[in-house]
Each structure stands twice: as structure tokens, then as C-alpha cells.
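Here the structure is laid out as C-alpha cells; the discussion comes afterwards.
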Amino acid sequence: MGTNAPPRREPPARGPHELYFKNLSKQKQKEVMEKNGNNHKLRVCVATCNRADYSKLAPIMFGIKAEPQFFELDVVVLGSHLIDDYGNTYRMIEQDDFDIHTRLHTIVRGEDEAAMVESVGLALVKLPDVLNRLKPDIMIVHGDRFDALALATSAALMNIRILHIEGGEVSGTIDDSIRHAITKLAHYHVCCTRSAEQHLIAMCEDHDRILLAGCPSYDKLLSAKNKDYMSVIRVWLGEDVKPRDYIVALQHPVTTDIKHSIKMFELTLDALISFNKRTLVLFPNVDAGSKEMVRVMRKKGIEHHPNFRAVKHVPFDQFIQLVAHAGCMIGNSSCGVREVGAFGTPVINLGTRQTGRETGENVLHVRDADTQDKILHALKLQFGKQYPCSKIYGDGNAVPRILKFLKSINLKEPLQKKFCFPPVKDNISQDIDHILETQSALSVDLGGTNLRVAIVSMKGEIVKKYTQLNPKTYEDRLGLILKMCIEAASEAVQLNCRILGVGISTGGRVNPREGIVLHSTKLIQEWSSVDLRTPISDALHLPVWVDNDGNCAALAERKFGHGKGVENFVTLITGTGIGGGIVHQHELIHGSSFCAAELGHIVVSLDGPECLCGSQGCIEAYASGIALQREAKKLHDADLLLVEGMSMKKEEVVSAAHLIQAAKLGNTKAESILRTAGTALGLGVVNILHTMNPSLVILSGVLASHYVNTVKDVIQRQALSSVKTVDVVVSNLADPALLGAASLVLDYTTRRIY
């Protein structure tokens with residue numbers, strides 16, 4: 001702060017319209033107007049609602065009036081202009097020698113929120129008749145008042161082009177919302193600062209329809225300071241008052257926090273009384289809460305206090321002189337942060353009403369004006385100082401730019417606005433393939449060893465997979481499922497995947513209708529009579545489907561694998577255990593007690609090895625990974641497993657993989673065990689062929705490729721000739737359990753019956 005010369009500010013940049021019109025003669029300008037479809041005078045309606053907007057609109061109105069060969073001006077007056085309590089300010093429009101075409105009484109008294117809404121409604125009722133009679137080519141609307149919103153709404157709905165003055169600015173309270181709403185309705189925009197221009201562009205307004213002109217009131221401000229001001233000061237403040245030795249106070253209610261703004265006004269008056277300087281207090285505007293503020297003034301005797309002059313209205317040219325030579329201005333009016341900066345007059349901006357406005361260094365903000373002492377301290381800091389003049393809001397040449405802009409408007413252009421939305425990366429939102437790919441399922445596979453969760457797309461792509469060891473207890477297992485699902489669902493948002501639901505594949509007997517695991521295998525402990533659907537659905541707020549892992553493998557083949565389009569097929573899973581699923585006439589078979597397709601427990605030998613189910617001679621007792629591991633251990637214990645080319649660490653656990661490796665390296669006993677396992681599986685398949693007569697058998701799981709040839713041989717030896725032509729293939733799906741669990745969700749969302 002201080003009296004150093006202000007930094008040089010460049011005037012507002014010349015927009016495309018101004019560059020086009022620069023140095024054109026009036027005849028040329030007329031030719032351009034005719035080319036743009038304006039072969040008659042442009043009929044401009046200027047609607048003014050209050051003393052503040054008239055100060056911005058008047059310079060434009062004078063400019064329009066001065067060029068009758070190009071324009072016809074119609075003036076509509078409404079709002080607080082016509083209310084005695086607010087000074088009947090329409091008279092100053094008449095004094096400026098403007099013909100008022102229409103006066104509309106639109107203010108519903110009450111000065112509360114409801115009255116503001118009713119006033120907008122009343123204006124909307126009255127304006128259509130006026131606009132029908134006037135039929136303007138364009139309406140000029142200023143600012144962010146609720147009256148202006150009614151004007152813009154009426155004009156937009158009646159297909160009248162709108163030029164909005166001072167859009168793109170940022171302040172506090174409801175004014176921001178109203179200003180931006182008018183911006184969306186307006187077809188053309190005149191803004192005052194570079195920041196406001198950028199805000200309009202960011203709001204997707206067409207850059208070619210934005211003019212950075214500066215504030216029209218600055219055209220008058222910057223030529224007014226040197227006029228005779230002493231007589232103005234004496235009229236409004238008294239004969240004994242000197243320049244820089246008085247205060248101008250202008251404070252309005254904050255409609256989003258009326259109670260606090262009234263309290264702040266009361267504190268402001270107390271501080272001004274204590275400061276003991278001559279003060280001109282202007283009545284607040286017509287917003288909700290203004291009546292209460294006037295009551296505060298009268299309660300404190302401001303209208304009769306020797307140090308105060310309370311007035312409803314001061315003509316703008318005189319108001320300019322008063323603020324230009326004041327010792328300080330205090331309040332929350334936009335005038336304080338905008339126009340007063342042109343004179344370097346100190347300003348105290350109270351509260352949040354102007355939060356976000358661009359200001360010069362002459363403005364001291366007291367945003368939390370909650371004590372008299374705080375406001376009084378600000379008065380002591382600011383009063384009597386002189387700051388550098390600021391031209392943030394204009395350079396005094398706004399009106400010529402605006403008139404040229406008006407002349408450039410092409411009435412032949414379509415009335416419908418076009419918004420300039422920023423480019424969107426990979427904008428293929430209307431491509432059906434993209435929609436199908438991004439719709440996804442959360443897939444859960446509960447295996448005997450691992451717990452896996454995956455995000456699976458509609459096309460069967462595993463977008464992301466998460467793996468943890470399967471806990472041994474119910475509480476730990478369910479807790480881990482929830483934790484992994486929540487993490488996956490959260491990450492799906494970042495991966496641009498829309499989760500449609502959760503599908504769960506688990507070992508054991510499952511009631512898919514209720515989402516309950518009825519009985520589990522011995523591989524998964526504490527997993528009987530478990531309701532999986534309810535806790536997971538409650539936690540994720542998504543639908544949940546549950547089924548047996550064998551059934552899920554069949555569903556995976558039906559949607560993504562060899563079973564796609566096949567009416568009748570069987571899938572057998574060869575892994576830690578043996579499972580499977582049967583698809584008949586395109587639908588999965590569950591059975592009356594959800595025990596269908598327990599293919600691993602088809603008995604192929606009455607005196608075979610014991611199965612985990614308690615029976616003997618089941619396929620699973622011969623061909624499962626557990627069965628092969630059992631036989632491998634027997635060979636290892638008898639020193640008959642390892643052959644040349646094999647080695648095992650001392651602590652290494654013998655597994656089915658060692659048996660398969662030994663068989664590949666020529667271990668005849670290992671080969672015999674694998675052949676027996678494959679034969680048992682083949683006999684089970686023959687029984688299935690004779691029962692269900694499918695056209696396709698799909699072997700899935702880690703052991704499938706080791707069994708497929710033996711199974712085919714058994715079919716040729718043991719099956720009836722009518723079923724020997726069945727196709728037996730190895731699944732090409734890497735994760736059938738996860739894909740099957742996903743298909744539980746994806747089939748339902750594409751309206752497939754399941």
C-alpha cells in the first residue's frame with residue numbers, strides 16, 4: 001500500500017468483432033449490418049431494474065440513442081425503480097431524456113425470500129405482453145439481480161436474442177447462481193475483465209460471441225473526477241465537510257444468510273458511530289432482509305444523528321463525485337470493489353457478498369466482520385489513505401466497443417445457442433461396443449486354497465484381478481471377501497468400469513435363488529448354511545448372485561467359451577476336486593435340491609479308493625488333484641517317484657505336478673496312475689453321455705490336457721455307438737470360475753433367462 005504510481009495495465013484486448021470494425025466508416029458499418037441480415041435498424045430493448053444496473057446501462061443507452069441511423073431504442077423500467085421507498089429512481093431515466101416505453105410494477109413487497117420469488121413470478125407474468133408488442137431484435141440485460149433473471153428467462157423463451165452485460169464474474173451469495181444462469185440463457189456476452197472472459201469460455205460459451213469491452217460505467221467514471229465536486233459534497237453531507245474527511249456507507253443484505261448480514265450491519269453502524277466521522281449512508285437494495293436493515297438504522301437513530309446523512313438514492317454522476325473524494329467507503333456493494341478502484345479511494349469490504357471479485361489494492365477485506373472492534377480497526381487502517389488508481393474493470397472505451405459488437409450481430413444466424421464443450425478423450429459414448437465393454441461384473445472365486453476377486457468386462461476380459469489365501473474361519477473369510485470387493489469396486493471407477501453386480505463361485509452345494517451355501521466340501525471349512533448374498537449386497541449396494549463352481553464353469557463356457565451357441569453340453573472341471581455343470585436346451589440344470597451335476601461323485605468302481613464325500617470309487621477319488629497327490633506320495637514314500645531328470649528339495653511337498661512330471665519322463669508307474677485316473681474320468685463321461693446325450697463335452701482345469709486323449713479312448717471303447725460322435729475338447733478359458741461368476745451378473749443384465 002502507498003502512493004507509488006500504479007503498474008501499467010493494458011486495456012482490454014480487442015475482440016474479433018472490434019478488430020473487424022476498426023477504422024470502418026459508418027457507411028461501411030451500415031453495409032456490414034445489411035450483410036448480416038440487419039437491413040433495418042436494429043431494435044434494441046434495454047430493461048433496467050434498479051439504480052445500480054442503470055449506472056451500467058445508461059452509457060450504452062446514450063450510445064445507442066446517438067446513432068439513430070443504426071438503432072431503435074426501447075426502454076423498459078421495472079423493479080425497485082418504481083418504488084417510493086427506494087427513491088423512485090425511474091425519474092433519473094426521464095431526466096436523462098430517455099423515453100420510457102413501459103413501466104412494469106413487479107416488486108412484491110415483503111423484502112424476504114418468498115417476496116423475491118413472487119417478484120420473479122410477477123415479472124414473468126407481465127413481460128410476455130410487453131415483448132410481444134415491442135418485438136425487439138435483441139434485449140440487453142445486466143448483471144445478477146433476480147429481476148434480470150426474469151427478463152432473460154422471458155426473452156429466451158420468446159426467441160429474443162439476449163446480450164448479457166458483466167457475465168463471467170464471481171462474487172458471493174445467490175448472485176453468482178443468478179448471473180451464471182443468465183449466462184446460459186444469453187446469446188451474446190459483454191464482459192469487463194480477462195478473468196471473466198476466461199470464466200465464460202470455461203462455461204462453454206462461444207468465444208466468438210464474447211466481447212471483452214470493460215465496464216460501461218468506467219466510460220463515465222474516468223472523465224468525471226475533475227468536475228466540480230465541492231458543491232456535490234456540500235449538498236449531500238453539509239457545508240462544513242471537506243474532501244477525504246467523510247465516509248460513504250453502502251451495505252446490502254446477504255440473501256443466503258440474512259440473519260448474519262443484519263447483525264453485521266448493526267456492528268458496522270456501531271463502529272461508524274464510534275469512529276465519529278461524517279457519513280453518508282445509502283439505503284440497501286430491495287433484496288430479502290432490506291426491511292430489517294432499515295429497522296436497524298432507525299433503531300439506532302441514524303436518520304437523525306448529526307454525523308449521518310441517510311438517503312435512498314444519489315444520482316450516479318453525483319455518487320461518482322462523492323466516492324471519488326471520500327476518505328473511505330465501507331460496506332458490501334459491488335461498487336466498492338469495482339468502480340471505486342478507479343479513484344484509488346480506500347474501501348472496506350465487509351462479509352462474503354463480494355467474495356471472488358477482482359479488486360485493486362485499495363480494498364481491505366473483513367470477511368468475518370463479527371465484532372465492532374474489528375470493523376473499527378479496519379476504519380482506522382483505511383480512512384484518509386490514497387491508493388493508486390485501478391483500471392481492472394475498464395479503460396473508458398467500453399461503449400464504442402459494445403456498439404460495434406451490436407452492429408456485427410448477424411440476425412440470419414440460427415437463434416439456437418451452441419455451446420463449445422471441451423474435447424472429451426475417446427469420446428465414443430454412443431458406440432454400442434464401448435458401452436458393452438465398460439459394463440462389468442465383480443467376480444469372486446472361493447477355491448480350496450485361494451480367494452480371488454476380479455473385475456470382468458462384458459466381453460470376458462479380466463480387467464483387474466486380486467488374489468489372497470482363503471482364510472480358514474467363516475468370520476475371516478467373509479471379512480476378506482467384503483474387503484476385497486469394496487477395494488475392487490472402488491478401483492473399478494478409476495478403470496472406467498461400471499459394476500452391474502457381484503457374482504460368486506464357491507465349492508459345495510448352493511441354493512442360487514437365495515444366495516446361500518447349503519453344504520460345503522471338506523476343502524472349505526466353516527462354510528455350510530452361509531448367506532452370502534445379504535452381507536455383500538448390503539455392503540456394496542449391488543445385486544449379488546451365487547452358484548457352485550462347477551455350474552459357474554459351465555456358464556463361462558456358455559457365454560465366452562466352446563459352449564457358446566451349443567444347445568446341450570457338459571463341462572467337467574479337473575482341479576483340486578472334480579466338478580462340473582450341465583447345460584440342457586441352453587439352460588443350466590440345478591436339480592430339485594440343487595445337487596445336479598455333482599459329476600465328481602459319479603461312482604465308477606464299487607471298491608475304489610475312498611472319496612472325501614465318504615463314498616468309494618467316485619471319479620474325484622481317482623482323477624482329482626488330491627487323488628493324484630495321494631498316489632504321488634505313495635510312490636515317493638516307496639522311492640518309486642523320482643526318475644532321471646527330476647529332483648526335489650528335502651522340505652518340498654509332493655504334489656500332483658510331480659506325478660505328471662514323472663510320467664512325462666517315462667515313469668511307468670506314474671503313467672499307469674494317470675491312465676487309471678483318465679479312465680475313471682472317461683467312464684464318468686460315458687455315464688453322462690448315456691444319461692444326458694450332450695453334443696459337446698468340455699474338459700476344464702489344470703489336469704484337462706492330461707486326460708483328454710484317455711477320455712476319448714474310453715468313449716470309443718465303452719460308449720454306445722449313438723454317442724461316440726460327441727466332441728470332447730479342452731477349455732480355452734484361463735479362469736472359468738471367475739468368468740462364470742461374472743456371467744451370473746452379465747447374463748442377467750442382458751435379460752438372459754437364468
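Each chain in the C-alpha cells gets a letter, A, B and so on, in the order shown; residues start at 1 in every chain, and ligands are counted from 1 in the order they appear.
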Name the residues in contact with range 193-201 of chain A at a cut-off of 7 Å, using only C-alpha atoms, excluding same-chain residues fewer than 3 positions from it; report them as a PDB file with N, CA, C and O atoms, in the first residue's frame.
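The new file part-v2.pdb reads:
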```pdb
ATOM      1  N   GLY A 167     -21.301 -10.705 -17.453  1.00  0.00           N
ATOM      2  CA  GLY A 167     -21.281 -12.135 -17.162  1.00  0.00           C
ATOM      3  C   GLY A 167     -19.867 -12.609 -16.866  1.00  0.00           C
ATOM      4  O   GLY A 167     -18.886 -11.922 -17.140  1.00  0.00           O
ATOM      5  N   GLY A 168     -19.765 -13.807 -16.283  1.00  0.00           N
ATOM      6  CA  GLY A 168     -18.465 -14.411 -16.029  1.00  0.00           C
ATOM      7  C   GLY A 168     -17.782 -13.971 -14.758  1.00  0.00           C
ATOM      8  O   GLY A 168     -16.739 -14.522 -14.391  1.00  0.00           O
ATOM      9  N   GLU A 169     -18.353 -12.974 -14.066  1.00  0.00           N
ATOM     10  CA  GLU A 169     -17.710 -12.520 -12.832  1.00  0.00           C
ATOM     11  C   GLU A 169     -18.087 -13.437 -11.672  1.00  0.00           C
ATOM     12  O   GLU A 169     -19.049 -14.211 -11.751  1.00  0.00           O
ATOM     13  N   CYS A 204     -18.326 -22.931 -21.400  1.00  0.00           N
ATOM     14  CA  CYS A 204     -18.690 -23.479 -22.716  1.00  0.00           C
ATOM     15  C   CYS A 204     -19.422 -22.483 -23.605  1.00  0.00           C
ATOM     16  O   CYS A 204     -20.115 -22.871 -24.546  1.00  0.00           O
ATOM     17  N   GLU A 205     -19.274 -21.173 -23.320  1.00  0.00           N
ATOM     18  CA  GLU A 205     -19.857 -20.168 -24.206  1.00  0.00           C
ATOM     19  C   GLU A 205     -18.962 -19.975 -25.434  1.00  0.00           C
ATOM     20  O   GLU A 205     -17.740 -20.133 -25.368  1.00  0.00           O
ATOM     21  N   ASP A 206     -19.582 -19.648 -26.544  1.00  0.00           N
ATOM     22  CA  ASP A 206     -18.884 -19.467 -27.817  1.00  0.00           C
ATOM     23  C   ASP A 206     -17.981 -18.236 -27.747  1.00  0.00           C
ATOM     24  O   ASP A 206     -18.455 -17.121 -27.530  1.00  0.00           O
ATOM     25  N   HIS A 207     -16.672 -18.454 -27.940  1.00  0.00           N
ATOM     26  CA  HIS A 207     -15.711 -17.361 -27.829  1.00  0.00           C
ATOM     27  C   HIS A 207     -16.023 -16.233 -28.804  1.00  0.00           C
ATOM     28  O   HIS A 207     -15.800 -15.049 -28.520  1.00  0.00           O
ATOM     29  N   LEU A 212     -14.776  -8.701 -24.793  1.00  0.00           N
ATOM     30  CA  LEU A 212     -14.094  -8.129 -23.628  1.00  0.00           C
ATOM     31  C   LEU A 212     -14.031  -6.624 -23.844  1.00  0.00           C
ATOM     32  O   LEU A 212     -13.181  -6.112 -24.572  1.00  0.00           O
ATOM     33  N   GLY A 214     -14.731  -4.112 -21.123  1.00  0.00           N
ATOM     34  CA  GLY A 214     -14.598  -3.275 -19.943  1.00  0.00           C
ATOM     35  C   GLY A 214     -15.982  -2.881 -19.446  1.00  0.00           C
ATOM     36  O   GLY A 214     -16.996  -3.093 -20.115  1.00  0.00           O
ATOM     37  N   ILE A 392      -8.770  -2.195 -13.515  1.00  0.00           N
ATOM     38  CA  ILE A 392      -9.069  -3.615 -13.710  1.00  0.00           C
ATOM     39  C   ILE A 392     -10.335  -3.797 -14.539  1.00  0.00           C
ATOM     40  O   ILE A 392     -10.412  -4.669 -15.405  1.00  0.00           O
ATOM     41  N   TYR A 393     -11.341  -2.955 -14.275  1.00  0.00           N
ATOM     42  CA  TYR A 393     -12.655  -3.162 -14.879  1.00  0.00           C
ATOM     43  C   TYR A 393     -12.921  -2.321 -16.130  1.00  0.00           C
ATOM     44  O   TYR A 393     -14.020  -2.353 -16.651  1.00  0.00           O
TER      45      TYR A 393
END
```
Open item on the list: Neighbouring residues of range 546-548 of chain A were defined as those with any atom within 6 Å, considering only C-alpha atoms; residues of the same chain fewer than 5 positions away were excluded. Please report them as a PyMOL selection string.
Closed with: chain A and resi 503-507+510+512+515
Open item on the list: What's around range 624-634 of chain A at 6 Å? Count only C-alpha atoms, leave out sequence neighbours fewer than 3 positions away in its own chain, and write the answer as a ChimeraX atom specification.
Closed with: /A:575-578,620-621,637,655-656,659
Task: Selection: 10 Å around Asp607 in chain A, only C-alpha atoms, excl. self and same-chain fewer than 5 positions, as number ranges by chain - done: A: 615-618
For the residues selected in the previous step, produce a file with C-alpha atoms as a short mmCIF file (atom, residue, chain, number, x, y, z; two decimals), in the first residue's frame.
```cif
data_model
loop_
_atom_site.label_atom_id
_atom_site.label_comp_id
_atom_site.auth_asym_id
_atom_site.auth_seq_id
_atom_site.Cartn_x
_atom_site.Cartn_y
_atom_site.Cartn_z
CA SER A 615 -18.23 -92.87 -0.56
CA GLN A 616 -15.87 -95.09 -2.54
CA GLY A 617 -14.93 -95.26 -6.20
CA CYS A 618 -16.03 -91.70 -7.16
#
```
Open item on the list: Taking the DSSP secondary structure from the backbone, can you list the residues of range 316-516 of chain A that are strand (DSSP E), as a ChimeraX atom specification?
Closed with: /A:328-331,347-350,363-366,439-446,450-457,462-469,498-506,509-511,516
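Running DSSP on the backbone and keeping only alpha helix (DSSP H), the residues of range 549-585 of chain A that qualify are Asp549, Gly550, Asn551, Cys552, Ala553, Ala554, Leu555, Ala556, Glu557, Arg558, Lys559 and Phe560 of chain A.
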Please produce a file of the residues just selected, as a PDB file, in the first residue's frame, where the atoms kept are C-alpha atoms.
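So the final result, stored in result.pdb, reads:
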```
ATOM      1  CA  ASP A 549     -18.051 -73.531  -9.028  1.00  0.00           C
ATOM      2  CA  GLY A 550     -18.853 -76.321 -11.479  1.00  0.00           C
ATOM      3  CA  ASN A 551     -22.029 -74.583 -12.609  1.00  0.00           C
ATOM      4  CA  CYS A 552     -20.071 -71.348 -12.984  1.00  0.00           C
ATOM      5  CA  ALA A 553     -17.552 -73.111 -15.230  1.00  0.00           C
ATOM      6  CA  ALA A 554     -20.430 -74.257 -17.461  1.00  0.00           C
ATOM      7  CA  LEU A 555     -21.833 -70.719 -17.558  1.00  0.00           C
ATOM      8  CA  ALA A 556     -18.407 -69.388 -18.521  1.00  0.00           C
ATOM      9  CA  GLU A 557     -18.268 -71.818 -21.436  1.00  0.00           C
ATOM     10  CA  ARG A 558     -21.806 -70.901 -22.487  1.00  0.00           C
ATOM     11  CA  LYS A 559     -21.024 -67.179 -22.603  1.00  0.00           C
ATOM     12  CA  PHE A 560     -17.337 -66.997 -23.509  1.00  0.00           C
TER      13      PHE A 560
END
```
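Residues in contact range of Val311 in chain A, defined as at most 7 Å between only C-alpha atoms, with sequence neighbours fewer than 5 positions away removed, read A:Val281, A:Leu282, A:Phe283.
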Sorted per-residue table, range 190-291 of chain A near range 322-346 of chain A, closest atoms and distance, 8 Å, only C-alpha atoms, as JSON lines:
```
{"residue": "A:Ser217", "atom": "CA", "partner": "A:Glu339", "partner_atom": "CA", "distance": 7.7}
{"residue": "A:Tyr218", "atom": "CA", "partner": "A:Glu339", "partner_atom": "CA", "distance": 7.1}
{"residue": "A:Leu221", "atom": "CA", "partner": "A:Ala342", "partner_atom": "CA", "distance": 7.3}
{"residue": "A:Leu222", "atom": "CA", "partner": "A:Ala342", "partner_atom": "CA", "distance": 7.1}
{"residue": "A:Lys225", "atom": "CA", "partner": "A:Ala324", "partner_atom": "CA", "distance": 6.5}
{"residue": "A:Tyr229", "atom": "CA", "partner": "A:Leu322", "partner_atom": "CA", "distance": 7.5}
{"residue": "A:Val232", "atom": "CA", "partner": "A:Leu322", "partner_atom": "CA", "distance": 7.2}
{"residue": "A:Ile233", "atom": "CA", "partner": "A:Leu322", "partner_atom": "CA", "distance": 6.3}
{"residue": "A:Pro243", "atom": "CA", "partner": "A:His325", "partner_atom": "CA", "distance": 5.4}
{"residue": "A:Arg244", "atom": "CA", "partner": "A:Gly327", "partner_atom": "CA", "distance": 3.8}
{"residue": "A:Asp245", "atom": "CA", "partner": "A:Gly327", "partner_atom": "CA", "distance": 5.2}
{"residue": "A:Tyr246", "atom": "CA", "partner": "A:Gly327", "partner_atom": "CA", "distance": 5.3}
{"residue": "A:Ile247", "atom": "CA", "partner": "A:Cys328", "partner_atom": "CA", "distance": 5.1}
{"residue": "A:Val248", "atom": "CA", "partner": "A:Met329", "partner_atom": "CA", "distance": 4.7}
{"residue": "A:Ala249", "atom": "CA", "partner": "A:Ile330", "partner_atom": "CA", "distance": 4.9}
{"residue": "A:Leu250", "atom": "CA", "partner": "A:Gly331", "partner_atom": "CA", "distance": 5.0}
{"residue": "A:Gln251", "atom": "CA", "partner": "A:Gly331", "partner_atom": "CA", "distance": 4.4}
{"residue": "A:His252", "atom": "CA", "partner": "A:Asn332", "partner_atom": "CA", "distance": 6.5}
```
Using N, CA and C atoms, can you write the selected residues to a file as a compact mmCIF listing (two decimals), in the first residue's frame?
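Output (result-v2.txt):
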```
# COMPACT_ATOMS: atom_id res chain seq x y z
N SER A 217 -19.73 1.66 -17.12
CA SER A 217 -19.72 2.79 -16.18
C SER A 217 -18.37 3.48 -16.13
N TYR A 218 -17.28 2.76 -16.47
CA TYR A 218 -15.95 3.37 -16.45
C TYR A 218 -15.81 4.46 -17.52
N LEU A 221 -16.87 7.21 -15.42
CA LEU A 221 -16.04 7.40 -14.22
C LEU A 221 -14.74 8.13 -14.52
N LEU A 222 -14.04 7.68 -15.56
CA LEU A 222 -12.68 8.16 -15.80
C LEU A 222 -12.63 9.58 -16.33
N LYS A 225 -13.89 12.74 -12.46
CA LYS A 225 -13.30 13.10 -11.17
C LYS A 225 -12.95 14.59 -11.07
N TYR A 229 -16.79 19.16 -7.62
CA TYR A 229 -17.28 18.16 -6.67
C TYR A 229 -17.65 18.77 -5.33
N VAL A 232 -21.31 19.16 -4.76
CA VAL A 232 -21.97 17.87 -4.55
C VAL A 232 -21.77 17.42 -3.11
N ILE A 233 -20.55 17.55 -2.60
CA ILE A 233 -20.27 17.15 -1.22
C ILE A 233 -21.12 17.96 -0.25
N PRO A 243 -13.17 17.39 1.50
CA PRO A 243 -12.81 16.16 0.79
C PRO A 243 -11.88 15.28 1.65
N ARG A 244 -12.02 13.97 1.49
CA ARG A 244 -11.22 12.97 2.21
C ARG A 244 -11.50 12.95 3.71
N ASP A 245 -12.59 13.63 4.13
CA ASP A 245 -12.87 13.67 5.57
C ASP A 245 -14.29 13.16 5.87
N TYR A 246 -14.79 12.31 4.99
CA TYR A 246 -16.11 11.72 5.22
C TYR A 246 -16.10 10.27 4.70
N ILE A 247 -17.16 9.54 5.06
CA ILE A 247 -17.28 8.12 4.70
C ILE A 247 -18.57 7.92 3.92
N VAL A 248 -18.52 7.05 2.92
CA VAL A 248 -19.72 6.60 2.21
C VAL A 248 -19.96 5.14 2.60
N ALA A 249 -21.16 4.87 3.12
CA ALA A 249 -21.50 3.51 3.55
C ALA A 249 -22.65 2.97 2.70
N LEU A 250 -22.44 1.79 2.13
CA LEU A 250 -23.48 1.15 1.32
C LEU A 250 -23.42 -0.36 1.56
N GLN A 251 -24.42 -0.84 2.27
CA GLN A 251 -24.41 -2.25 2.66
C GLN A 251 -25.77 -2.88 2.34
N HIS A 252 -25.72 -4.07 1.72
CA HIS A 252 -26.94 -4.78 1.31
C HIS A 252 -27.08 -6.07 2.11
```
Task: Met230 in chain A environment, 9 Å, only C-alpha atoms, sequence neighbours closer than 5 positions dropped, as a ChimeraX atom specification - done: /A:235,242-243,321
Open item on the list: Under the rule that only C-alpha atoms are counted, which of A:Thr725, A:Ser529, A:Thr449, A:Thr534 is the nearest residue to Gln468 in chain A?
Closed with: A:Thr449
TODO: Find the residues around Asp219 in chain A up to 7 Å (only C-alpha atoms counted), leave out those fewer than 4 positions away in its own chain, and share them as a PyMOL selection string.
DONE: chain A and resi 396-398
Convert the current residue selection to file output with all heavy atoms, as a tab-separated table (two decimals), in the first residue's frame.
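So the final result, stored in part.tsv, reads:
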```
chain	number	residue	atom	x	y	z
A	396	GLY	N	-12.34	3.04	-20.15
A	396	GLY	CA	-13.12	4.19	-20.58
A	396	GLY	C	-13.61	4.11	-22.01
A	396	GLY	O	-14.17	5.08	-22.52
A	397	ASN	N	-13.42	2.96	-22.68
A	397	ASN	CA	-13.83	2.84	-24.08
A	397	ASN	C	-14.77	1.65	-24.31
A	397	ASN	O	-14.80	1.07	-25.39
A	397	ASN	CB	-12.59	2.67	-24.97
A	397	ASN	CG	-11.70	3.91	-24.93
A	397	ASN	OD1	-12.13	5.00	-25.30
A	397	ASN	ND2	-10.47	3.73	-24.47
A	398	ALA	N	-15.54	1.31	-23.30
A	398	ALA	CA	-16.41	0.13	-23.40
A	398	ALA	C	-17.55	0.36	-24.39
A	398	ALA	O	-17.88	-0.52	-25.19
A	398	ALA	CB	-16.96	-0.23	-22.02
```
Task: Nearest candidate to Ile64 in chain A (options A:Ala539, A:Leu157, A:Ile93, A:Leu403; using only C-alpha atoms) - done: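 Selected residue with least distance to Ile64 in chain A: A:Leu403.
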Open item on the list: One number please: CA of Ser274 in chain A to CA of Leu381 in chain A, in Å, one decimal.
Closed with: 14.7 Å
Open item on the list: So, with only C-alpha atoms as the atoms that count, which of A:Phe569, A:Ala288, A:Asn693, A:Arg103 lies closest to Met116 in chain A?
Closed with: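 Using only C-alpha atoms, Met116 in chain A sits closest to A:Ala288.
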